Amino acid sequence: MTDLLLSQIKGGNESQFGTDEYVVNLGPQHPATHGVLRLVVKMDGETVKETIPVLGYLHRSIEKICENRTYPQCITYTDRVDYVSAMSVNLAFALATERLMGLEPPPRAQWLRMVFVELQRIASHLLWMGAFAGDIGALTPFLYGLRERERILDLFEMTCGQRLTYNYIRIGGVMIDILPEFVPKCRAFLDYFEPKIAEYEELLTYNPIFLERTRGVGLISPEMGINNGVCGPSLRGSGVACDVRKQQPYLYYDQVKFTECLEPGGDCWSRYRVRMREIRESVSLVRQCLDRLEPGPIETKLPPILKAPPASEIYSRIESSRGEMGIYLVGDGTAKPYKAKFRCASFSNTYVLDQLTRGWKLADIMAVLGSLDMIVPEVDR
Amino acid sequence: MTGEKIIQTIAAFIHQILGAAGLSGIIFIIDPVLCAVAMFGFISLFVMFLVWMERKVSAHMQSRIGPNRVGIFGLLQTVADAVKLTIKEDVKPIHRDVIPYTIAPILAFVATFAGMVVIPFDKGIVVQDLNIGLLYIIAITSFTVIAILSAGWSSNNKFALLGGFRSAAQIVSYEVPLVLSLVPIIMTTGTLRLGGIVDYQAGHRWFIFSQQAIAFFIFITAATAEANRAPFDIPEAESELIGGFHTEYSGVKFAMFFLGEYIAVIVSSAVAVTVFLGGWLPLPFLGFLHLPGFVWFMAKLIFVIYLIMAFRWTFPRLRVDQLMDFGWKVLIPIAILNVLATGFVILLLEGGV
Amino acid sequence: MGAIFQYFKNILVGFWNLILGLSVTTKYFLSMKTNTQQYPEEKLPLPARSRSMIKLIYDGDKDQFNCVACMMCAKACPNSCIKLEGVRDAGGKRRMTTFKLDFSTCIFCGYCVEACGFDALTFVSEEYENSVYKRGSLLQDEQAMKWVRPAHLAPKPEEPAKVETSAPAAAGA
């Protein structure tokens with residue numbers, strides 16, 4: 001305190017009080033539920049001058065480990081790359097390997113994969129909604145989101161046995177067929193869940209306090225988004241059509257009807273709206289896929305040891321809950337990949353955080369961080 | 001058995017005992033002291049109940065159970081929390097400013113608690129029904145600003161100081177709509193005495209139904225901001241990184257601050273109940289039940305406190321500058337318009353006050 | 001004039017939305033329904049396919065483990081948790097002698113159970129309370145993992161030609 005007074009007595013430099021920058025460490029342990037992300041924030045009074053994310057607190061060298069595991073064994077590690085939305089990463093790797101080796105799963109497996117990936121998208125967005133509302137200060141939607149997510153996880157547990165690290169979507173198909181009671185239970189869940197989305201929107205969307213905190217905050221213009229590598233719902237919140245399911249349809253996304261959710265605003269509120277609309281779209285997608293399920297085999301015939309063609313490589317991308325997830329595989333004729341790289345949406349979305357928060361207050365960093373849906377295991381792998 | 005009768009019976013009994021012991025000379029001291037002690041005991045129990053109620057209310061809003069292990073329905077949970085806080089180590093920063101540091105929590109507690117002196121729980125159950133009751137409450141509860149500023153300054157912590165400043169700015173700026181929303185009431189009833197306001201509502205409809213519903217909402221909002229509760233709890237919530245004024249306090253001192261916050265909630269709700277909801281008057285159509293006024297007062301008090309708790313668990317937090325914007329640019333104009341409108345109505349209907 | 005009208009309209013609209021939000025939480029508060037499963041008293045059964053605890057199946061009739069030490073589980077495991085040895089007995093048949101599974105590195109992916117062609121490994125969904133006091137106790141040998149299949153869980157005979165599924169060992173897991 002005395003140096004503050006002294007600099008005032010001396011006449012100060014820029015402002016009358018001669019304030020200087022100080023550095024605040026939003027440490028790896030967060031009260032907010034983002035995992036171990038460290039932000040070094042240079043502030044001037046209340047205003048943020050610069051945000052430096054320090055990554056790597058959750059680095060587990062998954063990509064290096066995958067170089068020493070066979071392709072099916074790698075799928076167990078993909079669960080941990082993004083544990084909030086594990087089915088998507090399973091699917092990404094399985095698709096990449098199938099494209100590399102020229103395998104074609106049977107139709108029933110493709111429809112089942114779509115059902116599970118879209119259910120996973122709903123579950124992931126529900127967790128995001130809870131975390132985002134919690135960052136803004138409303139603590140109740142977190143519990144509501146988790147309550148519905150538990151039901152989805154019950155459906156998953158009934159099918160494959162796990163609630164978080166499924167190891168369900170395999171190379172060439174899926175692990176095991178669904179139980180007969182899965183379809184009625186899933187439909188019952190969707191019927192129960194659809195009115196709840198309206199409830200959450202009633203609680204949050206037009207709440208004046210929520211609007212004040214999120215409208216106009218964290219504006220990503222379309223050019224800025226594309227130049228800085230933003231992808232997924234964060235970019236669709238700026239009105240840019242970037243859904244991989246529409247641009248390069250995989251599985252049977254070209255045979256089902258769904259709209260890409262675009263919002264022109266570009267601020268945190270638009271990104272919130274995009275994700276809530278995506279939940280509704282996923283509900284309708286699951287219903288369509290359940291209607292088109294036909295009996296059939298669930299896995300294609302695989303050789304006993306899966307070998308990639310020598311000197312082959314592929315980059316294959318899907319639309320995970322957070323954006324474009326890409327897998328780059330290099331095969332060298334053996335049963336283990338020569339290189340497996342995961343291109344994760346959260347990692348490329350992190351770059352824009354600094355530009356979005358300059359000149360804003362500290363509370364806005366939490367709002368922006370929440371709206372970008374950063375999942376740290378995906379960032380660090 | 002109205003409240004007045006109960007108090008008179010007890011008072012007569014005590015005077016008898018004192019008279020028999022030959023101490024009737026000091027009755028004029030004993031009476032207020034006993035009243036204050038009774039009030040203190042009652043409020044302490046009520047605060048413990050409130051802490052439990054907050055946890056249960058928030059739990060059921062979130063589809064969970066809340067405390068249910070310690071005692072039936074978890075009622076002894078607050079006792080467990082209180083014991084934990086008292087046996088905690090009292091960590092004090094070395095370079096603190098000793099006198100403000102020690103006084104701040106005590107002041108925070110005493111300032112709000114002193115407001116309970118004028119609240120009428122029933123027709124006769126009030127420690128001192130001051131003629132300037134409302135003014136007294138508003139004045140006394142302003143002492144919390146001193147407590148917060150002392151806490152922030154004496155902690156020798158730049159962040160605690162900032163948090164203290166912000167908190168103090170928030171409280172001071174929300175005092176204005178708080179008082180402005182009470183002005184129409186004073187204009188209509190012509191008295192500052194809380195008992196007198198309740199008597200006026202006995203003759204006419206309760207204020208929340210008749211004309212001052214807007215004032216009720218302004219009052220409740222300003223009261224939540226006064227108590228530093230959500231959605232106005234930025235000083236508390238961001239305390240993880242910038243530090244609220246109570247960062248450097250631990251154990252009982254920390255407990256005193258939070259007790260102070262809860263008592264501020266009780267005082268504000270009690271004032272709201274007395275002034276807007278008719279105090280100890282029964283609900284108009286349920287008067288046949290003949291319940292004592294005390295029961296009605298507590299029921300209404302719990303309802304208003306439930307409202308304040310529901311605000312915390314439903315709404316997001318406001319940023320500090322948005323909070324000040326809201327207070328100065330929304331609440332104060334509406335409150336001033338309310339005063340003007342009430343003035344016009346009084347002029348037209350009664351030809352002058 | 002328009003600005004003043006907008007100002008009041010904003011306030012009213014905002015107020016109404018706040019009330020809507022309060023109605024949602026009040027509705028849940030008044031319904032008093034909770035989603036809590038009070039764990040130690042209320043233990044809900046896990047689904048049959050739950051990947052809870054891996055057990056070695058012991059055949060009560062033949063009085064031996066089903067495992068023939070073919071090493072398929074050890075090869076399938078991504079983390080190399082399984083170490084086992086076997087011998088050929090008098091009749092020329094392989095039988096397992098020691099089987100060690102390190103549960104501190106096991107990720108419960110299920111590859112060992114799927115790889116086993118002799119119905120020797122299985123997930124037992126009822127056993128999920130596996131916390132131990134010493135990390136060493138997580139390295140379990142065949143005696144700790146021994147499990148006799150109850151009669152009602154015996155695998156059903158293969159169902160004739162329904163195109164439903166070609167998944168391996170769909171029954172009895």
# chains A, B, ... in the order shown; residues from 1 in each chain; ligands from 1

$ closest_atom_pairs --of "chain C" --to "chain A" --cutoff "9 Å" --atoms "only C-alpha atoms" --output "Markdown table"
| residue | atom | partner | partner_atom | distance |
| --- | --- | --- | --- | --- |
| C:Asn10 | CA | A:Pro208 | CA | 8.9 |
| C:Ile11 | CA | A:Pro208 | CA | 8.9 |
| C:Val13 | CA | A:Pro208 | CA | 8.4 |
| C:Gly14 | CA | A:Pro208 | CA | 5.1 |
| C:Phe15 | CA | A:Pro208 | CA | 7.9 |
| C:Trp16 | CA | A:Asn207 | CA | 8.9 |
| C:Asn17 | CA | A:Asn207 | CA | 5.5 |
| C:Leu18 | CA | A:Asn207 | CA | 5.8 |
| C:Leu20 | CA | A:Glu202 | CA | 6.4 |
| C:Gly21 | CA | A:Leu203 | CA | 4.2 |
| C:Leu22 | CA | A:Leu203 | CA | 7.6 |
| C:Ser23 | CA | A:Leu203 | CA | 8.6 |
| C:Val24 | CA | A:Leu203 | CA | 6.7 |
| C:Thr25 | CA | A:Thr140 | CA | 8.2 |
| C:Asn35 | CA | A:Arg147 | CA | 7.4 |
| C:Leu46 | CA | A:Glu157 | CA | 8.6 |
| C:Pro47 | CA | A:Met158 | CA | 5.6 |
| C:Ala48 | CA | A:Met158 | CA | 7.5 |
| C:Arg49 | CA | A:Gly161 | CA | 4.8 |
| C:Ser50 | CA | A:Gly161 | CA | 3.7 |
| C:Arg51 | CA | A:Gly161 | CA | 5.0 |
| C:Ser52 | CA | A:Gly161 | CA | 8.0 |
| C:Ala76 | CA | A:Gln73 | CA | 7.5 |
| C:Cys77 | CA | A:Gln73 | CA | 7.5 |
| C:Pro78 | CA | A:Gln73 | CA | 5.3 |
| C:Asn79 | CA | A:Gln73 | CA | 9.0 |
| C:Ile107 | CA | A:Thr76 | CA | 8.3 |
| C:Phe108 | CA | A:Gln162 | CA | 8.9 |
| C:Cys109 | CA | A:Asn167 | CA | 6.3 |
| C:Gly110 | CA | A:Asn167 | CA | 8.4 |
| C:Tyr111 | CA | A:Gln73 | CA | 8.4 |
| C:Ser125 | CA | A:Gly161 | CA | 8.9 |
| C:Val163 | CA | A:Gly296 | CA | 5.7 |
| C:Glu164 | CA | A:Pro295 | CA | 5.4 |
| C:Thr165 | CA | A:Pro297 | CA | 5.4 |
| C:Ser166 | CA | A:Pro297 | CA | 5.7 |
| C:Ala167 | CA | A:Ile176 | CA | 5.5 |
| C:Pro168 | CA | A:Ile176 | CA | 7.9 |
| C:Ala170 | CA | A:Ile176 | CA | 7.3 |

$ write_last_selection --atoms "C-alpha atoms" --output "CSV table (one decimal), in the first residue's frame"
chain,number,residue,atom,x,y,z
C,10,ASN,CA,-36.8,-3.9,-20.8
C,11,ILE,CA,-37.4,-3.8,-17.1
C,13,VAL,CA,-39.5,-8.2,-19.7
C,14,GLY,CA,-36.5,-8.8,-17.5
C,15,PHE,CA,-38.7,-9.0,-14.4
C,16,TRP,CA,-41.0,-11.5,-16.1
C,17,ASN,CA,-38.1,-13.7,-17.1
C,18,LEU,CA,-36.7,-13.7,-13.6
C,20,LEU,CA,-40.1,-17.7,-15.0
C,21,GLY,CA,-36.7,-18.8,-13.8
C,22,LEU,CA,-37.8,-18.7,-10.2
C,23,SER,CA,-40.9,-20.8,-11.1
C,24,VAL,CA,-38.6,-23.6,-12.5
C,25,THR,CA,-36.6,-23.9,-9.3
C,35,ASN,CA,-32.3,-38.2,-7.4
C,46,LEU,CA,-25.6,-52.7,-11.6
C,47,PRO,CA,-26.6,-53.8,-15.2
C,48,ALA,CA,-25.5,-57.3,-16.1
C,49,ARG,CA,-22.9,-56.1,-18.6
C,50,SER,CA,-21.2,-53.8,-16.1
C,51,ARG,CA,-17.4,-54.0,-16.4
C,52,SER,CA,-17.0,-54.1,-12.6
C,76,ALA,CA,-4.9,-58.4,-25.8
C,77,CYS,CA,-4.3,-56.3,-22.7
C,78,PRO,CA,-3.2,-52.8,-23.6
C,79,ASN,CA,-1.4,-52.2,-20.4
C,107,ILE,CA,-8.4,-50.0,-17.2
C,108,PHE,CA,-11.3,-52.4,-17.3
C,109,CYS,CA,-11.5,-52.2,-21.1
C,110,GLY,CA,-12.7,-55.8,-21.4
C,111,TYR,CA,-10.3,-57.0,-24.1
C,125,SER,CA,-21.2,-56.9,-12.0
C,163,VAL,CA,-29.4,-62.7,-37.8
C,164,GLU,CA,-29.6,-60.5,-34.6
C,165,THR,CA,-26.1,-60.6,-33.6
C,166,SER,CA,-22.7,-62.1,-34.3
C,167,ALA,CA,-21.2,-60.6,-31.2
C,168,PRO,CA,-19.0,-63.1,-29.3
C,170,ALA,CA,-23.3,-62.2,-25.8

$ interface_residues --of "chain A" --to "chain B" --cutoff "7 Å" --atoms "only C-alpha atoms" --output "NGL selection string"
:A and (26 or 136-140 or 143-144 or 209-210 or 213 or 363)

$ select_by_dssp --residues "segment 17-226 of chain B" --states "helix (DSSP H, G or I)" --output "number ranges by chain"
B: 17-20, 24-61, 72-74, 77-86, 98-118, 133-141, 143-154, 158-189, 194-203, 207-210, 213-226

$ residues_around --residues "Met53 of chain C" --least-positions-apart "5" --cutoff "7 Å" --atoms "only C-alpha atoms" --output "PyMOL selection string"
chain C and resi 123-125+127-128

$ residues_around --residues "Leu101 of chain C" --least-positions-apart "6" --cutoff "6 Å" --atoms "only C-alpha atoms" --output "number ranges by chain"
C: 81-82, 139-140

$ closest_residue --among "B:Pro105, B:Pro292, B:Pro32, B:Pro333" --to "chain C" --atoms "only C-alpha atoms"
B:Pro333

$ closest_atom_pairs --of "chain C" --to "chain B" --cutoff "6 Å" --atoms "only C-alpha atoms" --output "CSV"
residue,atom,partner,partner_atom,distance
C:Thr25,CA,B:Met61,CA,5.4
C:Tyr28,CA,B:Met61,CA,5.2
C:Phe29,CA,B:Met61,CA,4.3
C:Met32,CA,B:His60,CA,5.9
C:Thr34,CA,B:Ser63,CA,4.3
C:Asn35,CA,B:Ser63,CA,5.8
C:Thr36,CA,B:Arg64,CA,5.7

$ select_by_dssp --residues "chain C" --states "strand (DSSP E)" --output "JSON, numbers by chain"
{"C": [53, 54, 55, 56, 57, 58, 59, 64, 65, 82, 83, 84, 85, 86, 87, 88, 94, 95, 96, 97, 98, 99, 100, 101, 102, 121, 122, 123, 124, 139, 140, 141, 146, 147]}

$ atom_distance --atom1 "atom CA of Phe258 of chain B" --atom2 "atom CA of Leu194 of chain B"
26.7 Å

$ residues_around --residues "segment 251-254 of chain B" --least-positions-apart "2" --cutoff "10 Å" --atoms "only C-alpha atoms" --output "number ranges by chain"
B: 82-91, 101-106, 109, 246-249, 256-260

$ residues_around --residues "Lys55 of chain C" --least-positions-apart "3" --cutoff "9 Å" --atoms "only C-alpha atoms" --output "VMD selection string"
chain C and resid 120 to 124 142 144 to 147

$ atom_distance --atom1 "atom CA of Ala114 of chain B" --atom2 "atom CA of Gly133 of chain B"
11.7 Å

$ residues_around --residues "segment 335-339 of chain A" --least-positions-apart "2" --cutoff "6 Å" --atoms "only C-alpha atoms" --output "short mmCIF file (atom, residue, chain, number, x, y, z; two decimals) with C-alpha atoms, in the first residue's frame"
data_model
loop_
_atom_site.label_atom_id
_atom_site.label_comp_id
_atom_site.auth_asym_id
_atom_site.auth_seq_id
_atom_site.Cartn_x
_atom_site.Cartn_y
_atom_site.Cartn_z
CA GLU A 67 2.77 -45.78 -31.27
CA ARG A 69 -0.06 -50.34 -29.15
CA THR A 70 -1.99 -52.22 -31.78
CA TYR A 71 -4.86 -50.40 -33.45
CA LEU A 306 -5.05 -55.76 -38.07
CA LYS A 307 -2.24 -54.48 -40.19
CA LEU A 329 -2.59 -41.93 -38.84
CA VAL A 330 0.55 -43.12 -40.51
CA GLY A 331 0.72 -46.83 -41.15
CA ASP A 332 3.90 -48.71 -41.87
#

$ atom_distance --atom1 "atom CA of Gly172 of chain A" --atom2 "atom CA of Arg317 of chain A"
16.9 Å

$ closest_residue --among "A:Arg215, A:Arg322, A:Arg280, A:Lys301" --to "Asp243 of chain A" --atoms "only C-alpha atoms"
A:Arg322
